[in-house]
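Read through the structure below, which is laid out as structure tokens, and then see the notes.
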Amino acid sequence: MLKNTKYTIGKVMSDSYISKGNGAGYDYRFKYKSEIMKNHQNGEFVFGRRYLVAYDSTNIKNGFLILDKFDVTDSLAKHHIEQEYGDYPQGWSLEKIPFQYDKSDIEYEVRMYVQSKQ
């Protein structure tokens, strides 16, 4: 996932809850090509807010995650990023993310997550 990472916007679709199969966390969704991807992840999220999602741009099966430290909800209008049927189909390389975050912080968070899963 680290070699081909791209970023998009995901929406948190639930409050935190505990699931037997997934553990504690939040449901979220994002658009990848023409598909709606859904997952469950633990973190510091707020229901209804939008966050950066990192994914493998060559094969989504290699992984994706929502980044709780990068809430972009308030920045969407500022950067004129429009949703399409409730989702955001854009995908950016790390260098082209339009939001004002330190790119090395984003890269670090993705790297730490991937290493924790190995």
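The way I read the labels, and the way they are meant: chains A, B, ... in the order of the structure tokens, residue 1 as the first residue of every chain, and ligand 1 as the first ligand shown, with later ones counted on from there.
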*asked:* Applying 6 Å and only C-alpha atoms, which residues near range 57-67 of chain A remain after dropping the ones on its own chain fewer than 4 positions away? List them as a ChimeraX atom specification.
replied: /A:1,4-6,52-53
Rows by chain and residue number, range 58-102 of chain A within 10 Å of range 11-28 of chain A, shortest pair, only C-alpha atoms, as a Markdown table:
| residue | atom | partner | partner_atom | distance |
| --- | --- | --- | --- | --- |
| A:Leu65 | CA | A:Tyr28 | CA | 9.6 |
| A:Ile66 | CA | A:Tyr28 | CA | 7.9 |
| A:Asp68 | CA | A:Val12 | CA | 9.9 |
| A:Asp71 | CA | A:Lys11 | CA | 9.8 |
| A:Val72 | CA | A:Lys11 | CA | 10.0 |
| A:Thr73 | CA | A:Lys11 | CA | 9.0 |
| A:Gly86 | CA | A:Lys11 | CA | 9.2 |
| A:Asp87 | CA | A:Lys11 | CA | 8.0 |
| A:Tyr88 | CA | A:Lys11 | CA | 9.3 |
*List every residue of range 25-65 of chain A that DSSP, applied to the backbone of this structure, assigns to strand (DSSP E or B), and report them as a count of residues only.*
24
*Kindly indicate which residue among A:Val110, A:Lys3, A:Ala77, A:Ile9 lies nearest to Lys31 in chain A, using only C-alpha atoms for the distances.*
A:Ile9
Please tabulate, as JSON lines, the residues of range 41-90 of chain A that come within 8 Å of range 98-106 of chain A, each with its closest pair of atoms and the distance in Å to one decimal, counting only C-alpha atoms and ordering rows by chain, then residue number upward.
{"residue": "A:Phe70", "atom": "CA", "partner": "A:Tyr101", "partner_atom": "CA", "distance": 7.8}
{"residue": "A:Val72", "atom": "CA", "partner": "A:Phe99", "partner_atom": "CA", "distance": 7.3}
{"residue": "A:Ser75", "atom": "CA", "partner": "A:Phe99", "partner_atom": "CA", "distance": 6.9}
{"residue": "A:His79", "atom": "CA", "partner": "A:Pro98", "partner_atom": "CA", "distance": 7.1}
*Extract the full set of helix (DSSP H, G or I) residues from range 9-111 of chain A according to DSSP on the backbone, and format it as a list of chain:residue names.*
A:Ile60, A:Lys61, A:Asn62, A:Ser75, A:Leu76, A:Ala77, A:Lys78, A:Leu94, A:Glu95, A:Lys96, A:Lys103, A:Ser104, A:Asp105, A:Ile106, A:Glu107, A:Tyr108, A:Glu109, A:Val110, A:Arg111
*asked:* Show me, as a PyMOL selection string, the residues that have an atom within 6 Å of Gly10 in chain A when counting only C-alpha atoms, minus same-chain residues fewer than 2 positions from it.
replied: chain A and resi 29-30+50-51+53
*Hey, can you check how far CA of Glu95 in chain A sits from CA of Met112 in chain A?*
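Computed distance, CA of Glu95 in chain A to CA of Met112 in chain A, equals 18.9 Å.
One finds CA of Met37 in chain A at 20.6 Å from CA of Glu109 in chain A.
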*May I have the residues within 6 Å of Trp92 in chain A as a list in words, using only C-alpha atoms and disregarding those fewer than 3 positions away in the same chain?*
Lys6, Tyr7, Lys96 and Ile97 of chain A
So that I have them on file, write out the residues from the current selection with all heavy atoms, as an mmCIF file, in the first residue's frame.
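Listing of part_9.cif after writing:
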data_model
loop_
_atom_site.group_PDB
_atom_site.id
_atom_site.type_symbol
_atom_site.label_atom_id
_atom_site.label_comp_id
_atom_site.auth_asym_id
_atom_site.auth_seq_id
_atom_site.Cartn_x
_atom_site.Cartn_y
_atom_site.Cartn_z
ATOM 1 N N LYS A 6 -2.860 6.786 -2.569
ATOM 2 C CA LYS A 6 -3.593 7.984 -2.966
ATOM 3 C C LYS A 6 -4.545 8.312 -1.831
ATOM 4 O O LYS A 6 -4.755 7.504 -0.929
ATOM 5 C CB LYS A 6 -4.358 7.769 -4.269
ATOM 6 C CG LYS A 6 -3.480 7.897 -5.485
ATOM 7 C CD LYS A 6 -4.317 8.268 -6.670
ATOM 8 C CE LYS A 6 -3.408 8.744 -7.785
ATOM 9 N NZ LYS A 6 -4.177 9.125 -8.943
ATOM 10 N N TYR A 7 -5.126 9.499 -1.917
ATOM 11 C CA TYR A 7 -5.967 10.000 -0.842
ATOM 12 C C TYR A 7 -7.277 10.513 -1.400
ATOM 13 O O TYR A 7 -7.322 11.074 -2.487
ATOM 14 C CB TYR A 7 -5.247 11.123 -0.088
ATOM 15 C CG TYR A 7 -3.942 10.655 0.496
ATOM 16 C CD1 TYR A 7 -2.780 10.653 -0.265
ATOM 17 C CD2 TYR A 7 -3.882 10.165 1.788
ATOM 18 C CE1 TYR A 7 -1.581 10.187 0.248
ATOM 19 C CE2 TYR A 7 -2.688 9.696 2.319
ATOM 20 C CZ TYR A 7 -1.547 9.712 1.540
ATOM 21 O OH TYR A 7 -0.375 9.236 2.052
ATOM 22 N N LYS A 96 -0.401 16.453 -3.968
ATOM 23 C CA LYS A 96 -1.508 17.250 -4.512
ATOM 24 C C LYS A 96 -2.711 17.367 -3.589
ATOM 25 O O LYS A 96 -3.721 17.944 -3.973
ATOM 26 C CB LYS A 96 -1.929 16.676 -5.863
ATOM 27 C CG LYS A 96 -0.820 16.819 -6.885
ATOM 28 C CD LYS A 96 -1.270 16.527 -8.266
ATOM 29 C CE LYS A 96 -0.087 16.738 -9.195
ATOM 30 N NZ LYS A 96 -0.441 16.712 -10.564
ATOM 31 N N ILE A 97 -2.611 16.847 -2.370
ATOM 32 C CA ILE A 97 -3.712 17.005 -1.418
ATOM 33 C C ILE A 97 -3.915 18.500 -1.211
ATOM 34 O O ILE A 97 -2.978 19.216 -0.865
ATOM 35 C CB ILE A 97 -3.389 16.303 -0.079
ATOM 36 C CG1 ILE A 97 -3.334 14.791 -0.269
ATOM 37 C CG2 ILE A 97 -4.434 16.673 0.974
ATOM 38 C CD1 ILE A 97 -2.879 14.038 0.952
#
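The space separating CA of Pro89 in chain A from CA of Glu35 in chain A comes to 9.5 Å.
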